[in-house]
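The structure file query-v2.pdb is reproduced below (PDB, C-alpha atoms).
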ATOM      1  CA  MET A1378      21.415 106.574  72.894
ATOM      2  CA  ASN A1379      21.375 102.878  73.575
ATOM      3  CA  LEU A1380      22.237  99.587  71.912
ATOM      4  CA  ARG A1381      18.756  99.061  70.490
ATOM      5  CA  ASP A1382      18.812 102.469  68.768
ATOM      6  CA  ILE A1383      22.258 101.821  67.282
ATOM      7  CA  LYS A1384      21.159  98.453  65.892
ATOM      8  CA  LYS A1385      18.022 100.014  64.383
ATOM      9  CA  ASP A1386      20.107 102.789  62.797
ATOM     10  CA  ILE A1387      22.529 100.270  61.280
ATOM     11  CA  GLU A1388      19.652  98.197  59.923
ATOM     12  CA  TYR A1389      17.815 101.209  58.496
ATOM     13  CA  VAL A1390      20.743 102.998  56.863
ATOM     14  CA  VAL A1391      22.349  99.937  55.278
ATOM     15  CA  SER A1392      19.046  98.510  54.091
ATOM     16  CA  ALA A1393      18.136 101.889  52.556
ATOM     17  CA  PHE A1394      21.377 101.781  50.574
ATOM     18  CA  VAL A1395      20.696  98.217  49.421
ATOM     19  CA  ASP A1396      17.172  99.230  48.373
ATOM     20  CA  ASP A1397      18.572 102.151  46.391
ATOM     21  CA  CYS A1398      21.012  99.827  44.619
ATOM     22  CA  TYR A1399      18.226  97.438  43.661
ATOM     23  CA  THR A1400      16.037 100.308  42.510
ATOM     24  CA  PHE A1401      18.833 101.574  40.282
ATOM     25  CA  ALA A1402      19.438  98.071  38.899
ATOM     26  CA  THR A1403      15.733  97.682  38.152
ATOM     27  CA  ILE A1404      15.430 101.032  36.412
ATOM     28  CA  ASN A1405      18.687 100.681  34.505
ATOM     29  CA  PRO A1406      19.322  97.018  33.612
ATOM     30  CA  ALA A1407      22.283  98.002  31.417
ATOM     31  CA  ALA A1408      24.254  99.170  34.463
ATOM     32  CA  SER A1409      27.479  97.441  35.428
ATOM     33  CA  ASP A1410      26.530  94.392  37.470
ATOM     34  CA  GLU A1411      30.095  93.961  38.726
ATOM     35  CA  ALA A1412      30.292  97.460  40.175
ATOM     36  CA  LEU A1413      26.842  97.194  41.704
ATOM     37  CA  SER A1414      27.513  93.791  43.263
ATOM     38  CA  GLY A1415      30.808  95.122  44.642
ATOM     39  CA  MET A1416      28.952  97.955  46.358
ATOM     40  CA  LEU A1417      26.383  95.534  47.747
ATOM     41  CA  ASP A1418      29.187  93.344  49.090
ATOM     42  CA  GLU A1419      30.712  96.394  50.774
ATOM     43  CA  ALA A1420      27.348  97.286  52.308
ATOM     44  CA  ILE A1421      26.878  93.769  53.682
ATOM     45  CA  GLU A1422      30.415  93.777  55.039
ATOM     46  CA  LEU A1423      29.767  97.160  56.680
ATOM     47  CA  TYR A1424      26.522  95.851  58.182
ATOM     48  CA  ASN A1425      28.228  92.778  59.638
ATOM     49  CA  ASP A1426      31.194  94.776  60.927
ATOM     50  CA  LEU A1427      29.044  97.387  62.658
ATOM     51  CA  LYS A1428      26.730  94.757  64.151
ATOM     52  CA  ASP A1429      29.777  92.968  65.577
ATOM     53  CA  LYS A1430      31.092  96.244  67.000
ATOM     54  CA  SER A1431      27.728  97.077  68.532
ATOM     55  CA  ASN A1432      27.469  93.623  70.127
ATOM     56  CA  ALA A1433      30.992  93.771  71.561
ATOM     57  CA  LYS A1434      31.286  94.057  75.326
ATOM     58  CA  VAL A1435      32.176  97.634  76.282
ATOM     59  CA  GLU A1436      33.750  98.639  79.548
ATOM     60  CA  GLY A1437      33.293 102.239  80.600
ATOM     61  CA  ALA A1438      31.977 104.931  78.281
ATOM     62  CA  LYS A1439      29.270 103.241  76.232
ATOM     63  CA  LYS A1440      28.025 106.561  74.871
ATOM     64  CA  ALA A1441      31.398 107.293  73.260
ATOM     65  CA  HIS A1442      31.488 103.775  71.790
ATOM     66  CA  PHE A1443      28.001 104.156  70.305
ATOM     67  CA  ASN A1444      28.841 107.621  68.942
ATOM     68  CA  ALA A1445      31.909 106.166  67.221
ATOM     69  CA  ILE A1446      29.790 103.416  65.649
ATOM     70  CA  ARG A1447      27.198 105.918  64.453
ATOM     71  CA  LYS A1448      29.922 108.168  63.008
ATOM     72  CA  GLU A1449      31.504 105.232  61.176
ATOM     73  CA  LEU A1450      28.092 104.189  59.842
ATOM     74  CA  LEU A1451      27.420 107.628  58.404
ATOM     75  CA  GLU A1452      30.888 108.094  56.930
ATOM     76  CA  LYS A1453      31.008 104.701  55.242
ATOM     77  CA  THR A1454      27.475 104.821  53.870
ATOM     78  CA  ASP A1455      28.203 108.310  52.544
ATOM     79  CA  ALA A1456      31.188 106.837  50.688
ATOM     80  CA  LEU A1457      28.974 104.050  49.325
ATOM     81  CA  TYR A1458      26.372 106.560  48.156
ATOM     82  CA  THR A1459      29.134 108.534  46.435
ATOM     83  CA  LYS A1460      30.159 105.385  44.549
ATOM     84  CA  LEU A1461      26.540 104.700  43.615
ATOM     85  CA  SER A1462      26.137 108.289  42.420
ATOM     86  CA  ASP A1463      29.237 107.944  40.242
ATOM     87  CA  LEU A1464      27.881 104.716  38.768
ATOM     88  CA  ILE A1465      24.549 106.401  38.026
ATOM     89  CA  LYS A1466      26.281 109.335  36.352
ATOM     90  CA  GLU A1467      28.420 106.946  34.299
ATOM     91  CA  SER A1468      25.405 104.945  33.151
ATOM     92  CA  CYS A1469      23.489 108.087  32.174
ATOM     93  CA  LYS A1470      26.178 109.429  29.849
ATOM     94  CA  VAL A1471      24.981 109.742  26.308
ATOM     95  CA  ASP A1472      27.594 108.929  23.700
TER      96      ASP A1472
END

Let me see the structure of the file written as structure tokens.
Amino acid sequence: MNLRDIKKDIEYVVSAFVDDCYTFATINPAASDEALSGMLDEAIELYNDLKDKSNAKVEGAKKAHFNAIRKELLEKTDALYTKLSDLIKESCKVD
């Protein structure tokens, strides 16, 4: 595991989430724009935060630092996908 792999993982995972948000917005234009834009803002903030952490100078155990970044990436994107799933379920309710 090295810095290049971590940066590629961050780019791939966050951009996949953003793509999924845009796909949902395209398919369901009646969805809440505020909720969707809030999730996109969170994803961009996560991307910037993790990129800053990956670019930070690390003394000592780089592998542990990269593992912590990867773990944070997966946990936070999982939370974002949970929010997106809830929004999809809410928009699909038939009254």

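Between Ile1383 in chain A and the residues A:Ser1431, A:Ser1468, A:Thr1459, A:Thr1454, the shortest atom-to-atom distance, using all atoms listed in the file, involves A:Ser1431.
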
Report as a ChimeraX atom specification the residues that result from applying the PyMOL selection byres ((chain A and resi 1442-1451) around 12) to the structure here.
-> /A:1378-1391,1394,1420,1422-1441,1452-1458

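Across the model, the gap from CA of Leu1417 in chain A to CA of Ile1404 in chain A is 16.7 Å.
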
Within 12 Å of Gly1415 in chain A, counting all atoms listed in the file, which residues show up once you throw out same-chain ones fewer than 4 positions away? Write them as a list in words, please.
-> Val1395, Cys1398, Ser1409, Asp1410, Glu1411, Glu1419, Ala1420, Ile1421, Glu1422, Leu1457, Lys1460, Leu1461 and Leu1464 of chain A

Result set, the PyMOL selection byres ((chain A and resi 1469) around 12) on current file, as a PyMOL selection string = chain A and resi 1401+1404-1409+1462-1468+1470-1472

Could you work out an axis-aligned bounding box for all listed atoms of range 1400-1406 of chain A, with 8 Å added on each of the six sides, and give its centre and edge lengths in Å to one decimal, as lines of an AutoDock Vina configuration file?
center_x = 17.4
center_y = 99.3
center_z = 38.1
size_x = 20.0
size_y = 20.6
size_z = 24.9

Dump of range 1393-1435 of chain A from preceding block, N, CA and C atoms, as a PDB file, in the first residue's frame:
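Dumped to decode-v2.pdb:
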ATOM      1  N   ALA A1393     -17.427   7.719  -7.403  1.00  0.00           N
ATOM      2  CA  ALA A1393     -18.512   6.757  -7.616  1.00  0.00           C
ATOM      3  C   ALA A1393     -19.764   7.194  -6.866  1.00  0.00           C
ATOM      4  N   PHE A1394     -19.587   7.708  -5.656  1.00  0.00           N
ATOM      5  CA  PHE A1394     -20.736   8.199  -4.893  1.00  0.00           C
ATOM      6  C   PHE A1394     -21.365   9.407  -5.580  1.00  0.00           C
ATOM      7  N   VAL A1395     -20.545  10.331  -6.044  1.00  0.00           N
ATOM      8  CA  VAL A1395     -21.056  11.513  -6.739  1.00  0.00           C
ATOM      9  C   VAL A1395     -21.805  11.090  -8.011  1.00  0.00           C
ATOM     10  N   ASP A1396     -21.261  10.150  -8.744  1.00  0.00           N
ATOM     11  CA  ASP A1396     -21.941   9.642  -9.943  1.00  0.00           C
ATOM     12  C   ASP A1396     -23.296   9.029  -9.594  1.00  0.00           C
ATOM     13  N   ASP A1397     -23.348   8.283  -8.505  1.00  0.00           N
ATOM     14  CA  ASP A1397     -24.611   7.677  -8.089  1.00  0.00           C
ATOM     15  C   ASP A1397     -25.644   8.739  -7.707  1.00  0.00           C
ATOM     16  N   CYS A1398     -25.185   9.810  -7.074  1.00  0.00           N
ATOM     17  CA  CYS A1398     -26.094  10.908  -6.727  1.00  0.00           C
ATOM     18  C   CYS A1398     -26.658  11.560  -7.986  1.00  0.00           C
ATOM     19  N   TYR A1399     -25.799  11.814  -8.954  1.00  0.00           N
ATOM     20  CA  TYR A1399     -26.261  12.434 -10.195  1.00  0.00           C
ATOM     21  C   TYR A1399     -27.175  11.497 -10.991  1.00  0.00           C
ATOM     22  N   THR A1400     -26.892  10.224 -10.952  1.00  0.00           N
ATOM     23  CA  THR A1400     -27.760   9.259 -11.620  1.00  0.00           C
ATOM     24  C   THR A1400     -29.143   9.264 -10.983  1.00  0.00           C
ATOM     25  N   PHE A1401     -29.188   9.267  -9.664  1.00  0.00           N
ATOM     26  CA  PHE A1401     -30.464   9.318  -8.961  1.00  0.00           C
ATOM     27  C   PHE A1401     -31.208  10.608  -9.290  1.00  0.00           C
ATOM     28  N   ALA A1402     -30.511  11.733  -9.309  1.00  0.00           N
ATOM     29  CA  ALA A1402     -31.146  13.015  -9.610  1.00  0.00           C
ATOM     30  C   ALA A1402     -31.684  13.036 -11.039  1.00  0.00           C
ATOM     31  N   THR A1403     -30.984  12.391 -11.955  1.00  0.00           N
ATOM     32  CA  THR A1403     -31.431  12.349 -13.341  1.00  0.00           C
ATOM     33  C   THR A1403     -32.668  11.473 -13.499  1.00  0.00           C
ATOM     34  N   ILE A1404     -32.668  10.340 -12.832  1.00  0.00           N
ATOM     35  CA  ILE A1404     -33.787   9.411 -12.936  1.00  0.00           C
ATOM     36  C   ILE A1404     -35.019   9.936 -12.203  1.00  0.00           C
ATOM     37  N   ASN A1405     -34.792  10.605 -11.086  1.00  0.00           N
ATOM     38  CA  ASN A1405     -35.890  11.074 -10.256  1.00  0.00           C
ATOM     39  C   ASN A1405     -35.768  12.582 -10.033  1.00  0.00           C
ATOM     40  N   PRO A1406     -36.215  13.395 -10.983  1.00  0.00           N
ATOM     41  CA  PRO A1406     -36.065  14.847 -10.847  1.00  0.00           C
ATOM     42  C   PRO A1406     -36.902  15.445  -9.724  1.00  0.00           C
ATOM     43  N   ALA A1407     -37.870  14.712  -9.200  1.00  0.00           N
ATOM     44  CA  ALA A1407     -38.695  15.216  -8.108  1.00  0.00           C
ATOM     45  C   ALA A1407     -38.035  15.038  -6.746  1.00  0.00           C
ATOM     46  N   ALA A1408     -36.859  14.477  -6.700  1.00  0.00           N
ATOM     47  CA  ALA A1408     -36.164  14.229  -5.434  1.00  0.00           C
ATOM     48  C   ALA A1408     -35.766  15.551  -4.787  1.00  0.00           C
ATOM     49  N   SER A1409     -35.549  15.504  -3.497  1.00  0.00           N
ATOM     50  CA  SER A1409     -35.183  16.691  -2.732  1.00  0.00           C
ATOM     51  C   SER A1409     -33.794  17.181  -3.140  1.00  0.00           C
ATOM     52  N   ASP A1410     -33.753  18.340  -3.764  1.00  0.00           N
ATOM     53  CA  ASP A1410     -32.472  18.906  -4.187  1.00  0.00           C
ATOM     54  C   ASP A1410     -31.615  19.315  -2.996  1.00  0.00           C
ATOM     55  N   GLU A1411     -32.256  19.783  -1.928  1.00  0.00           N
ATOM     56  CA  GLU A1411     -31.509  20.210  -0.745  1.00  0.00           C
ATOM     57  C   GLU A1411     -30.777  19.042  -0.103  1.00  0.00           C
ATOM     58  N   ALA A1412     -31.460  17.934   0.057  1.00  0.00           N
ATOM     59  CA  ALA A1412     -30.840  16.756   0.672  1.00  0.00           C
ATOM     60  C   ALA A1412     -29.721  16.222  -0.204  1.00  0.00           C
ATOM     61  N   LEU A1413     -29.964  16.195  -1.497  1.00  0.00           N
ATOM     62  CA  LEU A1413     -28.959  15.675  -2.427  1.00  0.00           C
ATOM     63  C   LEU A1413     -27.739  16.587  -2.474  1.00  0.00           C
ATOM     64  N   SER A1414     -27.952  17.885  -2.499  1.00  0.00           N
ATOM     65  CA  SER A1414     -26.805  18.806  -2.527  1.00  0.00           C
ATOM     66  C   SER A1414     -26.038  18.762  -1.211  1.00  0.00           C
ATOM     67  N   GLY A1415     -26.741  18.514  -0.101  1.00  0.00           N
ATOM     68  CA  GLY A1415     -26.059  18.358   1.184  1.00  0.00           C
ATOM     69  C   GLY A1415     -25.143  17.141   1.192  1.00  0.00           C
ATOM     70  N   MET A1416     -25.618  16.052   0.598  1.00  0.00           N
ATOM     71  CA  MET A1416     -24.792  14.843   0.511  1.00  0.00           C
ATOM     72  C   MET A1416     -23.595  15.065  -0.404  1.00  0.00           C
ATOM     73  N   LEU A1417     -23.804  15.778  -1.497  1.00  0.00           N
ATOM     74  CA  LEU A1417     -22.688  16.075  -2.395  1.00  0.00           C
ATOM     75  C   LEU A1417     -21.662  16.967  -1.714  1.00  0.00           C
ATOM     76  N   ASP A1418     -22.134  17.929  -0.924  1.00  0.00           N
ATOM     77  CA  ASP A1418     -21.204  18.774  -0.165  1.00  0.00           C
ATOM     78  C   ASP A1418     -20.390  17.944   0.826  1.00  0.00           C
ATOM     79  N   GLU A1419     -21.057  16.999   1.486  1.00  0.00           N
ATOM     80  CA  GLU A1419     -20.343  16.114   2.415  1.00  0.00           C
ATOM     81  C   GLU A1419     -19.293  15.277   1.685  1.00  0.00           C
ATOM     82  N   ALA A1420     -19.639  14.797   0.499  1.00  0.00           N
ATOM     83  CA  ALA A1420     -18.705  13.976  -0.269  1.00  0.00           C
ATOM     84  C   ALA A1420     -17.486  14.796  -0.692  1.00  0.00           C
ATOM     85  N   ILE A1421     -17.710  16.028  -1.109  1.00  0.00           N
ATOM     86  CA  ILE A1421     -16.594  16.889  -1.509  1.00  0.00           C
ATOM     87  C   ILE A1421     -15.727  17.233  -0.311  1.00  0.00           C
ATOM     88  N   GLU A1422     -16.372  17.473   0.821  1.00  0.00           N
ATOM     89  CA  GLU A1422     -15.622  17.757   2.048  1.00  0.00           C
ATOM     90  C   GLU A1422     -14.792  16.537   2.463  1.00  0.00           C
ATOM     91  N   LEU A1423     -15.382  15.352   2.355  1.00  0.00           N
ATOM     92  CA  LEU A1423     -14.659  14.117   2.663  1.00  0.00           C
ATOM     93  C   LEU A1423     -13.468  13.953   1.733  1.00  0.00           C
ATOM     94  N   TYR A1424     -13.682  14.187   0.444  1.00  0.00           N
ATOM     95  CA  TYR A1424     -12.608  14.079  -0.546  1.00  0.00           C
ATOM     96  C   TYR A1424     -11.448  15.016  -0.183  1.00  0.00           C
ATOM     97  N   ASN A1425     -11.766  16.267   0.080  1.00  0.00           N
ATOM     98  CA  ASN A1425     -10.724  17.242   0.411  1.00  0.00           C
ATOM     99  C   ASN A1425     -10.003  16.885   1.703  1.00  0.00           C
ATOM    100  N   ASP A1426     -10.764  16.448   2.701  1.00  0.00           N
ATOM    101  CA  ASP A1426     -10.172  16.083   3.989  1.00  0.00           C
ATOM    102  C   ASP A1426      -9.224  14.890   3.849  1.00  0.00           C
ATOM    103  N   LEU A1427      -9.659  13.864   3.121  1.00  0.00           N
ATOM    104  CA  LEU A1427      -8.815  12.681   2.976  1.00  0.00           C
ATOM    105  C   LEU A1427      -7.597  12.954   2.098  1.00  0.00           C
ATOM    106  N   LYS A1428      -7.742  13.791   1.087  1.00  0.00           N
ATOM    107  CA  LYS A1428      -6.592  14.171   0.267  1.00  0.00           C
ATOM    108  C   LYS A1428      -5.562  14.928   1.109  1.00  0.00           C
ATOM    109  N   ASP A1429      -6.046  15.832   1.970  1.00  0.00           N
ATOM    110  CA  ASP A1429      -5.132  16.555   2.856  1.00  0.00           C
ATOM    111  C   ASP A1429      -4.418  15.599   3.805  1.00  0.00           C
ATOM    112  N   LYS A1430      -5.162  14.638   4.353  1.00  0.00           N
ATOM    113  CA  LYS A1430      -4.553  13.664   5.261  1.00  0.00           C
ATOM    114  C   LYS A1430      -3.535  12.792   4.533  1.00  0.00           C
ATOM    115  N   SER A1431      -3.834  12.428   3.297  1.00  0.00           N
ATOM    116  CA  SER A1431      -2.904  11.580   2.560  1.00  0.00           C
ATOM    117  C   SER A1431      -1.655  12.346   2.138  1.00  0.00           C
ATOM    118  N   ASN A1432      -1.772  13.648   1.956  1.00  0.00           N
ATOM    119  CA  ASN A1432      -0.613  14.463   1.572  1.00  0.00           C
ATOM    120  C   ASN A1432       0.209  14.935   2.762  1.00  0.00           C
ATOM    121  N   ALA A1433      -0.299  14.747   3.970  1.00  0.00           N
ATOM    122  CA  ALA A1433       0.409  15.184   5.168  1.00  0.00           C
ATOM    123  C   ALA A1433       1.692  14.365   5.348  1.00  0.00           C
ATOM    124  N   LYS A1434       2.703  15.032   5.856  1.00  0.00           N
ATOM    125  CA  LYS A1434       3.986  14.378   6.114  1.00  0.00           C
ATOM    126  C   LYS A1434       3.832  13.429   7.295  1.00  0.00           C
ATOM    127  N   VAL A1435       4.233  12.180   7.102  1.00  0.00           N
ATOM    128  CA  VAL A1435       4.091  11.151   8.132  1.00  0.00           C
ATOM    129  C   VAL A1435       5.465  10.683   8.562  1.00  0.00           C
TER     130      VAL A1435
END
